[in-house]
$ cat my_file_32.txt   # compact mmCIF, C-alpha atoms
# COMPACT_ATOMS: atom_id res chain seq x y z
CA MET A 1363 -164.38 -82.80 -61.32
CA ASN A 1364 -161.92 -80.48 -63.02
CA ARG A 1365 -158.55 -81.30 -61.56
CA THR A 1366 -155.14 -81.93 -62.94
CA TYR A 1367 -152.78 -84.48 -61.48
CA PHE A 1368 -149.97 -82.38 -60.19
CA CYS A 1369 -148.47 -81.49 -56.91
CA THR A 1370 -148.11 -78.50 -54.71
CA ALA A 1371 -148.03 -79.68 -51.12
CA SER A 1372 -150.95 -82.09 -50.85
CA ALA A 1373 -150.54 -85.79 -50.20
CA CYS A 1374 -152.52 -86.73 -53.30
CA LEU A 1375 -150.51 -84.26 -55.43
CA SER A 1376 -153.36 -82.75 -57.37
CA LEU A 1377 -153.47 -79.06 -58.15
CA ALA A 1378 -157.11 -77.96 -58.21
CA ILE A 1379 -157.62 -75.76 -61.22
CA ALA A 1380 -161.28 -74.92 -60.69
CA GLY A 1381 -160.40 -72.28 -58.14
CA CYS A 1382 -157.21 -70.93 -59.59
CA ALA A 1383 -146.72 -83.00 -68.61
CA SER A 1384 -143.12 -85.17 -76.21
CA SER A 1385 -141.77 -83.46 -77.56
CA ARG A 1386 -139.75 -85.63 -79.74
CA SER A 1387 -138.45 -84.14 -82.96
CA GLN A 1388 -135.72 -84.94 -85.44
CA THR A 1389 -134.98 -81.53 -86.96
CA SER A 1390 -132.03 -80.41 -89.07
CA GLN A 1391 -128.90 -79.68 -87.09
CA GLY A 1392 -125.56 -78.06 -87.70
CA SER A 1393 -122.86 -77.21 -85.20
CA ALA A 1394 -121.38 -74.21 -83.46
CA ASN A 1395 -118.61 -74.95 -80.97
CA GLY A 1396 -119.86 -78.54 -80.94
CA GLN A 1397 -123.45 -77.56 -80.17
CA ALA A 1398 -126.68 -78.09 -82.07
CA VAL A 1399 -127.69 -75.06 -84.12
CA SER A 1400 -131.00 -74.31 -85.81
CA GLN A 1401 -131.16 -74.23 -89.58
CA ALA A 1402 -133.63 -71.32 -89.30
CA ARG A 1403 -136.60 -73.59 -89.91
CA GLN A 1404 -139.76 -71.53 -89.85
CA PHE A 1405 -143.42 -72.43 -89.54
CA SER A 1406 -146.87 -71.03 -90.10
CA GLU A 1407 -149.04 -69.91 -87.19
CA TRP A 1408 -150.75 -72.61 -85.16
CA SER A 1409 -154.22 -73.63 -86.35
CA GLN A 1410 -157.36 -73.52 -84.27
CA PRO A 1411 -157.23 -76.54 -81.96
CA ILE A 1412 -159.58 -79.45 -82.49
CA ASN A 1413 -160.68 -82.04 -79.97
CA VAL A 1414 -158.88 -85.38 -80.48
CA GLY A 1415 -162.26 -87.09 -80.30
CA SER A 1416 -164.50 -89.30 -78.20
CA GLU A 1417 -162.48 -92.47 -78.85
CA ILE A 1418 -159.81 -90.89 -76.63
CA ASN A 1419 -161.65 -88.32 -74.52
CA THR A 1420 -164.25 -89.27 -71.93
CA GLU A 1421 -166.40 -87.53 -69.35
CA PHE A 1422 -163.41 -87.89 -67.01
CA ASN A 1423 -159.92 -86.33 -67.34
CA GLU A 1424 -157.49 -87.08 -70.16
CA GLN A 1425 -154.11 -85.39 -69.74
CA PHE A 1426 -150.37 -85.48 -70.47
CA PRO A 1427 -150.43 -86.52 -74.16
CA THR A 1428 -147.23 -87.85 -75.77
CA ILE A 1429 -147.06 -88.92 -79.42
CA SER A 1430 -144.60 -91.59 -80.59
CA ALA A 1431 -141.91 -90.78 -83.16
CA ASP A 1432 -143.80 -92.61 -85.93
CA GLY A 1433 -147.04 -90.83 -85.01
CA LEU A 1434 -148.92 -94.11 -84.53
CA SER A 1435 -149.05 -94.37 -80.72
CA LEU A 1436 -150.63 -91.75 -78.47
CA TYR A 1437 -149.87 -92.08 -74.76
CA PHE A 1438 -151.84 -90.13 -72.15
CA SER A 1439 -153.08 -90.36 -68.56
CA SER A 1440 -156.69 -90.69 -67.49
CA ASP A 1441 -158.70 -91.15 -64.31
CA ARG A 1442 -161.47 -93.02 -66.14
CA PRO A 1443 -163.02 -96.03 -64.37
CA GLY A 1444 -161.35 -99.39 -64.82
CA GLY A 1445 -157.81 -98.33 -64.03
CA PHE A 1446 -155.50 -99.34 -61.21
CA GLY A 1447 -155.26 -96.02 -59.38
CA GLY A 1448 -156.17 -92.34 -59.42
CA ALA A 1449 -154.67 -91.66 -62.86
CA ASP A 1450 -153.26 -94.35 -65.14
CA ILE A 1451 -151.19 -94.23 -68.33
CA TYR A 1452 -152.96 -95.43 -71.48
CA VAL A 1453 -151.96 -95.84 -75.13
CA SER A 1454 -154.02 -95.65 -78.31
CA HIS A 1455 -152.91 -96.82 -81.75
CA ARG A 1456 -153.74 -95.97 -85.34
CA ALA A 1457 -152.75 -97.69 -88.59
CA THR A 1458 -151.50 -94.56 -90.38
CA VAL A 1459 -151.05 -90.90 -89.46
CA THR A 1460 -154.36 -90.13 -91.16
CA SER A 1461 -156.28 -93.03 -89.57
CA PRO A 1462 -158.59 -92.61 -86.57
CA TRP A 1463 -157.32 -93.48 -83.10
CA GLY A 1464 -158.27 -96.88 -81.73
CA LYS A 1465 -159.60 -97.82 -78.32
CA PRO A 1466 -157.07 -96.90 -75.61
CA GLN A 1467 -155.33 -99.67 -73.68
CA ASN A 1468 -154.19 -99.42 -70.08
CA LEU A 1469 -150.43 -100.06 -69.76
CA GLY A 1470 -151.14 -102.50 -66.97
CA PRO A 1471 -150.02 -103.05 -63.37
CA LYS A 1472 -146.27 -103.04 -64.08
CA ILE A 1473 -146.51 -99.32 -64.95
CA ASN A 1474 -149.70 -98.19 -63.29
CA SER A 1475 -150.13 -98.30 -59.53
CA SER A 1476 -152.83 -97.64 -56.95
CA SER A 1477 -151.63 -94.01 -56.95
CA ASP A 1478 -151.31 -91.42 -59.76
CA ASP A 1479 -149.06 -92.24 -62.74
CA HIS A 1480 -148.63 -89.73 -65.55
CA SER A 1481 -146.47 -87.31 -67.59
CA GLN A 1482 -144.63 -90.03 -69.52
CA ASN A 1483 -141.85 -89.24 -72.00
CA PHE A 1484 -139.48 -91.38 -74.04
CA SER A 1485 -135.88 -91.70 -75.13
CA PRO A 1486 -135.43 -91.14 -78.88
CA ASP A 1487 -134.64 -94.83 -79.42
CA GLY A 1488 -137.95 -95.78 -77.79
CA HIS A 1489 -136.42 -98.10 -75.18
CA ARG A 1490 -136.84 -95.94 -72.06
CA MET A 1491 -139.90 -94.22 -70.61
CA TRP A 1492 -139.69 -91.72 -67.77
CA PHE A 1493 -142.83 -90.76 -65.88
CA ALA A 1494 -144.02 -89.29 -62.59
CA SER A 1495 -145.75 -91.21 -59.82
CA ASP A 1496 -146.66 -90.78 -56.18
CA ARG A 1497 -146.72 -94.54 -55.57
CA PRO A 1498 -145.36 -95.98 -52.32
CA GLY A 1499 -141.61 -96.48 -52.17
CA GLY A 1500 -140.73 -93.05 -53.51
CA CYS A 1501 -138.73 -90.22 -52.00
CA GLY A 1502 -141.38 -87.52 -51.80
CA GLU A 1503 -144.78 -86.38 -52.91
CA LEU A 1504 -144.14 -87.12 -56.57
CA ASP A 1505 -141.07 -88.86 -58.04
CA ILE A 1506 -139.54 -89.56 -61.44
CA TRP A 1507 -139.39 -93.24 -62.40
CA VAL A 1508 -137.99 -94.95 -65.50
CA SER A 1509 -139.04 -98.13 -67.30
CA TYR A 1510 -137.29 -100.09 -70.07
CA ARG A 1511 -138.65 -102.18 -72.93
CA LYS A 1512 -136.66 -104.37 -75.30
CA ASP A 1513 -139.20 -104.37 -78.15
CA ILE A 1514 -139.91 -100.79 -79.19
CA GLN A 1515 -142.85 -101.95 -81.31
CA ASP A 1516 -144.69 -103.32 -78.29
CA ASP A 1517 -146.36 -100.55 -76.28
CA LEU A 1518 -147.39 -103.03 -73.58
CA ALA A 1519 -143.92 -104.52 -73.00
CA TRP A 1520 -142.68 -102.00 -70.42
CA GLU A 1521 -140.81 -103.52 -67.49
CA ALA A 1522 -141.28 -102.68 -63.82
CA PRO A 1523 -140.09 -99.07 -63.28
CA VAL A 1524 -137.15 -97.98 -61.16
CA ASN A 1525 -137.07 -94.82 -59.05
CA LEU A 1526 -134.30 -92.39 -60.02
CA GLY A 1527 -133.30 -92.19 -56.38
CA CYS A 1528 -133.52 -89.85 -53.43
CA SER A 1529 -130.43 -87.90 -54.43
CA PHE A 1530 -132.44 -86.93 -57.53
CA ASN A 1531 -136.04 -86.89 -56.27
CA THR A 1532 -136.95 -84.72 -53.30
CA ALA A 1533 -139.67 -84.55 -50.68
CA GLU A 1534 -141.24 -81.56 -52.48
CA GLY A 1535 -141.86 -83.43 -55.74
CA GLU A 1536 -140.63 -83.74 -59.33
CA SER A 1537 -142.72 -84.23 -62.47
CA CYS A 1538 -142.97 -83.94 -66.27
CA PRO A 1539 -139.61 -85.39 -67.38
CA PHE A 1540 -138.42 -84.62 -70.94
CA TYR A 1541 -135.25 -86.18 -72.31
CA VAL A 1542 -133.14 -84.34 -74.90
CA GLU A 1543 -130.13 -85.69 -76.81
CA ASP A 1544 -127.67 -83.11 -78.15
CA GLN A 1545 -126.32 -85.16 -81.02
CA SER A 1546 -123.52 -82.72 -81.77
CA SER A 1547 -121.97 -82.64 -78.30
CA GLY A 1548 -123.13 -86.04 -77.10
CA THR A 1549 -124.67 -84.47 -73.99
CA ASN A 1550 -128.04 -85.79 -72.88
CA VAL A 1551 -130.25 -83.72 -70.58
CA LEU A 1552 -133.37 -84.55 -68.61
CA TYR A 1553 -135.63 -81.53 -68.12
CA LEU A 1554 -138.36 -81.58 -65.50
CA VAL A 1555 -140.28 -79.38 -63.08
CA SER A 1556 -139.93 -79.44 -59.31
CA GLY A 1557 -141.32 -77.83 -56.19
CA ARG A 1558 -137.95 -78.03 -54.39
CA PRO A 1559 -136.63 -74.95 -52.56
CA GLY A 1560 -134.27 -72.60 -54.37
CA GLY A 1561 -136.35 -71.52 -57.34
CA PRO A 1562 -138.12 -68.18 -57.74
CA GLY A 1563 -141.56 -69.76 -57.77
CA LYS A 1564 -143.58 -72.56 -56.24
CA TRP A 1565 -142.73 -74.93 -59.12
CA ASN A 1566 -139.91 -74.25 -61.59
CA VAL A 1567 -137.94 -75.79 -64.46
CA TYR A 1568 -134.76 -77.79 -63.80
CA ALA A 1569 -132.27 -79.73 -65.94
CA SER A 1570 -129.95 -82.65 -65.20
CA THR A 1571 -127.13 -83.98 -67.39
CA GLU A 1572 -126.96 -87.73 -67.96
CA GLN A 1573 -123.73 -89.34 -66.79
CA LYS A 1574 -121.77 -92.10 -68.54
CA ASP A 1575 -123.32 -94.70 -66.24
CA LYS A 1576 -126.83 -93.56 -67.30
CA THR A 1577 -127.52 -91.90 -63.96
CA PHE A 1578 -128.31 -88.19 -63.78
CA GLY A 1579 -126.29 -85.42 -62.20
CA PRO A 1580 -127.53 -82.63 -59.92
CA LEU A 1581 -130.61 -80.75 -61.01
CA VAL A 1582 -129.86 -77.16 -62.03
CA LEU A 1583 -132.50 -74.40 -62.13
CA VAL A 1584 -133.23 -73.13 -65.65
CA LYS A 1585 -133.54 -69.54 -64.46
CA GLU A 1586 -134.41 -67.82 -67.72
CA VAL A 1587 -137.71 -69.72 -68.15
CA SER A 1588 -138.69 -70.03 -64.48
CA SER A 1589 -141.24 -67.63 -63.00
CA SER A 1590 -142.31 -66.52 -59.54
CA GLU A 1591 -145.43 -68.67 -59.78
CA TYR A 1592 -146.09 -72.17 -61.21
CA ASP A 1593 -144.07 -73.59 -64.12
CA LEU A 1594 -145.66 -76.98 -64.48
CA HIS A 1595 -144.36 -78.45 -67.74
CA PHE A 1596 -141.34 -77.82 -70.00
CA ALA A 1597 -141.29 -79.84 -73.22
CA PRO A 1598 -138.27 -79.25 -75.51
CA ARG A 1599 -137.82 -80.55 -79.00
CA LEU A 1600 -135.18 -83.22 -79.34
CA ASP A 1601 -132.74 -80.69 -80.83
CA GLY A 1602 -133.17 -78.52 -77.73
CA LEU A 1603 -133.90 -75.33 -79.68
CA GLU A 1604 -137.62 -74.85 -79.01
CA ALA A 1605 -139.63 -75.73 -75.91
CA PHE A 1606 -143.31 -75.53 -75.08
CA MET A 1607 -144.42 -74.75 -71.54
CA TRP A 1608 -147.45 -74.97 -69.33
CA SER A 1609 -147.23 -72.15 -66.83
CA VAL A 1610 -149.46 -70.24 -64.44
CA ARG A 1611 -147.72 -66.85 -64.51
CA ALA A 1612 -148.42 -63.17 -65.01
CA GLY A 1613 -149.43 -62.24 -68.55
CA GLY A 1614 -151.51 -65.32 -69.24
CA LEU A 1615 -155.03 -65.42 -70.68
CA GLY A 1616 -156.54 -68.01 -68.35
CA LYS A 1617 -155.92 -70.23 -65.35
CA GLY A 1618 -152.85 -71.76 -67.00
CA ASP A 1619 -151.52 -71.15 -70.51
CA LEU A 1620 -149.25 -72.55 -73.21
CA TRP A 1621 -145.98 -70.67 -73.75
CA VAL A 1622 -142.96 -71.12 -76.03
CA SER A 1623 -139.24 -70.46 -75.58
CA THR A 1624 -136.47 -70.77 -78.17
CA ARG A 1625 -132.69 -70.49 -78.48
CA ARG A 1626 -130.26 -70.36 -81.38
CA SER A 1627 -128.01 -73.14 -80.10
CA THR A 1628 -127.83 -75.47 -77.12
CA ARG A 1629 -124.99 -73.40 -75.66
CA ASP A 1630 -127.28 -70.35 -75.50
CA ALA A 1631 -129.77 -69.43 -72.81
CA TRP A 1632 -133.46 -69.96 -73.48
CA SER A 1633 -135.46 -66.90 -74.51
CA THR A 1634 -138.05 -65.36 -72.22
CA PRO A 1635 -141.19 -67.49 -72.73
CA VAL A 1636 -143.83 -66.00 -75.02
CA ASN A 1637 -147.53 -66.70 -74.61
CA LEU A 1638 -148.91 -68.65 -77.59
CA GLY A 1639 -151.92 -66.35 -77.68
CA PRO A 1640 -155.70 -66.67 -78.01
CA THR A 1641 -155.60 -69.15 -80.88
CA LEU A 1642 -154.44 -71.82 -78.42
CA ASN A 1643 -155.14 -70.33 -74.99
CA THR A 1644 -158.53 -69.50 -73.47
CA GLU A 1645 -159.84 -68.11 -70.19
CA PHE A 1646 -159.87 -71.70 -68.98
CA GLN A 1647 -156.91 -74.11 -68.60
CA GLU A 1648 -154.52 -75.20 -71.34
CA GLY A 1649 -151.45 -77.23 -70.49
CA MET A 1650 -149.22 -80.31 -70.83
CA PRO A 1651 -148.01 -79.65 -74.41
CA SER A 1652 -146.18 -82.26 -76.50
CA LEU A 1653 -144.86 -81.88 -80.04
CA SER A 1654 -144.99 -84.47 -82.82
CA ALA A 1655 -141.77 -85.82 -84.35
CA ASP A 1656 -142.11 -83.66 -87.46
CA ASP A 1657 -142.69 -80.52 -85.32
CA THR A 1658 -146.05 -79.78 -86.95
CA GLU A 1659 -148.58 -81.09 -84.41
CA LEU A 1660 -148.99 -79.84 -80.85
CA PHE A 1661 -151.01 -82.01 -78.49
CA PHE A 1662 -152.22 -80.52 -75.20
CA THR A 1663 -154.99 -80.73 -72.64
CA SER A 1664 -157.78 -78.25 -71.89
CA ASN A 1665 -160.97 -77.98 -69.88
CA ARG A 1666 -162.49 -75.42 -72.28
CA PRO A 1667 -166.22 -75.67 -73.01
CA GLY A 1668 -167.28 -78.02 -75.80
CA GLY A 1669 -165.25 -81.01 -74.67
CA ASN A 1670 -166.36 -84.44 -73.53
CA GLY A 1671 -165.81 -83.97 -69.81
CA GLY A 1672 -163.27 -82.52 -67.41
CA PHE A 1673 -159.97 -82.21 -69.31
CA ASP A 1674 -159.77 -83.35 -72.95
CA LEU A 1675 -156.89 -83.78 -75.38
CA TYR A 1676 -156.64 -81.30 -78.27
CA ILE A 1677 -154.39 -80.92 -81.29
CA SER A 1678 -153.22 -77.85 -83.21
CA ARG A 1679 -151.16 -77.92 -86.43
CA ARG A 1680 -148.63 -75.73 -88.21
CA GLN A 1681 -146.89 -76.07 -91.57
CA PRO A 1682 -143.20 -75.62 -92.47
CA LEU A 1683 -142.68 -72.49 -94.55
CA THR A 1684 -140.80 -72.70 -97.82
CA GLN A 1685 -138.13 -70.13 -98.61
CA HIS A 1686 -140.54 -68.41 -100.99
CA ALA A 1687 -143.23 -68.21 -98.29
CA ARG A 1688 -140.77 -66.64 -95.83
CA GLN A 1689 -139.84 -63.82 -98.20
$ encode --input "my_file_32.txt" --output "structure tokens"
Amino acid sequence: MNRTYFCTASACLSLAIAGCASSRSQTSQGSANGQAVSQARQFSEWSQPINVGSEINTEFNEQFPTISADGLSLYFSSDRPGGFGGADIYVSHRATVTSPWGKPQNLGPKINSSSDDHSQNFSPDGHRMWFASDRPGGCGELDIWVSYRKDIQDDLAWEAPVNLGCSFNTAEGESCPFYVEDQSSGTNVLYLVSGRPGGPGKWNVYASTEQKDKTFGPLVLVKEVSSSEYDLHFAPRLDGLEAFMWSVRAGGLGKGDLWVSTRRSTRDAWSTPVNLGPTLNTEFQEGMPSLSADDTELFFTSNRPGGNGGFDLYISRRQPLTQHARQ
């Protein structure tokens, strides 16, 4: 069945697509009024996507890819048999960035529940993982939880997660957390999407600033990237200057597309999102983008024909342009 684990207003929090969440990069930074500023890094166009392969993808649904900073661990969610709930979080490893992916491992019952668990994202130091879950004990239909691990080399060492609380999570649902550190200003921001009232659409993009005690302040609507429809995923680079979106909005090519927004510095507003075009998007569903640490690989999910099952993971690549190539 082609479905994606997300919420609108249903108890199981799955948005049916048939009828119609890591961006972790360490890029060059300067400063302008204490804020991160792009060094005008430019890239080639995105390549034609390729399927990540049958070691990862199954006849079921693989979604929400997140690649580790060293490029050797690929986290994703799947509803394949053998898990603990509807959708579980898995991780696959490879020896080098050119090696094939190994057999995925379930993160186990400390992280995965009898409900849906997905859209994981990590702090740059690798110690914290935020994710979304509709497990019992939450505040609404879908909540943000956080887990800690002491050993960042052990992908199975995550501790029992903690809910971010009902002053943060709402009855309408929150999902797809992405954590950004502004190294120039020292401000850390958690971006996510929510179905709470007050936005222009049914689901929109919000941001919360981390406090000194590691809690998060009030969620603020990111108006310039939010639409009147469904904004389901907002994945910024670590420097906060480029973000990839999954959105069901006017101007798309299919039932949900990949979009990109940029800004010159973290004190500036985000640009109006631009559709990534027919190289990446199809008449079907593309979503849940996550960028590699070197900014050159974009992982996402799609139910386009030619895959292994419902939703598969795909990868597209781009290359940094030299000064000569830009002229």
$ atom_distance --input "my_file_32.txt" --atom1 "atom CA of A:Gly1672" --atom2 "atom CA of A:Met1607"
20.8 Å
$ residues_around --input "my_file_32.txt" --residues "stretch 1493-1496 of chain A" --least-positions-apart "5" --cutoff "6 Å" --atoms "only C-alpha atoms" --output "ChimeraX atom specification"
/A:1477-1482,1503-1507,1537
$ closest_residue --input "my_file_32.txt" --among "A:Val1453, A:Val1508, A:Leu1600, A:Ala1605" --to "A:Thr1549" --atoms "only C-alpha atoms"
A:Leu1600
$ closest_residue --input "my_file_32.txt" --among "A:Thr1663, A:Asn1566, A:Gln1573, A:Gln1467" --to "A:Ser1590" --atoms "all atoms listed in the file"
A:Asn1566
$ atom_distance --input "my_file_32.txt" --atom1 "atom CA of A:Tyr1568" --atom2 "atom CA of A:Gly1614"
21.6 Å
$ closest_residue --input "my_file_32.txt" --among "A:Leu1469, A:Ala1569, A:Leu1642, A:Ala1457" --to "A:Tyr1437" --atoms "all atoms listed in the file"
A:Leu1469
$ residues_near_point --input "my_file_32.txt" --point "(-159.9, -79.4, -73.0)" --cutoff "9 Å" --atoms "only C-alpha atoms" --output "JSON, numbers by chain"
{"A": [1413, 1423, 1424, 1425, 1646, 1647, 1648, 1662, 1663, 1664, 1665, 1666, 1667, 1668, 1669, 1670, 1671, 1672, 1673, 1674, 1675, 1676]}
$ closest_residue --input "my_file_32.txt" --among "A:Ser1623, A:Asp1601, A:Ser1430, A:Ile1473" --to "A:His1455" --atoms "only C-alpha atoms"
A:Ser1430
$ atom_distance --input "my_file_32.txt" --atom1 "atom CA of A:Glu1659" --atom2 "atom CA of A:Arg1680"
6.6 Å
$ closest_residue --input "my_file_32.txt" --among "A:Val1542, A:Leu1436, A:Leu1615, A:Val1587" --to "A:Pro1462" --atoms "only C-alpha atoms"
A:Leu1436
$ closest_residue --input "my_file_32.txt" --among "A:Gly1649, A:Pro1443, A:Pro1539, A:Gly1579" --to "A:Arg1490" --atoms "only C-alpha atoms"
A:Pro1539
$ residues_around --input "my_file_32.txt" --residues "stretch 1628-1637 of chain A" --least-positions-apart "4" --cutoff "8 Å" --atoms "all atoms listed in the file" --output "ChimeraX atom specification"
/A:1397-1399,1544,1586-1587,1602-1603,1613-1614,1619-1624
$ write_last_selection --input "my_file_32.txt" --atoms "C-alpha atoms" --output "PDB file, in the frame of the given file"
ATOM      1  CA  GLN A1397    -123.450 -77.560 -80.170  1.00  0.00           C
ATOM      2  CA  ALA A1398    -126.680 -78.090 -82.070  1.00  0.00           C
ATOM      3  CA  VAL A1399    -127.690 -75.060 -84.120  1.00  0.00           C
ATOM      4  CA  ASP A1544    -127.670 -83.110 -78.150  1.00  0.00           C
ATOM      5  CA  GLU A1586    -134.410 -67.820 -67.720  1.00  0.00           C
ATOM      6  CA  VAL A1587    -137.710 -69.720 -68.150  1.00  0.00           C
ATOM      7  CA  GLY A1602    -133.170 -78.520 -77.730  1.00  0.00           C
ATOM      8  CA  LEU A1603    -133.900 -75.330 -79.680  1.00  0.00           C
ATOM      9  CA  GLY A1613    -149.430 -62.240 -68.550  1.00  0.00           C
ATOM     10  CA  GLY A1614    -151.510 -65.320 -69.240  1.00  0.00           C
ATOM     11  CA  ASP A1619    -151.520 -71.150 -70.510  1.00  0.00           C
ATOM     12  CA  LEU A1620    -149.250 -72.550 -73.210  1.00  0.00           C
ATOM     13  CA  TRP A1621    -145.980 -70.670 -73.750  1.00  0.00           C
ATOM     14  CA  VAL A1622    -142.960 -71.120 -76.030  1.00  0.00           C
ATOM     15  CA  SER A1623    -139.240 -70.460 -75.580  1.00  0.00           C
ATOM     16  CA  THR A1624    -136.470 -70.770 -78.170  1.00  0.00           C
TER      17      THR A1624
END
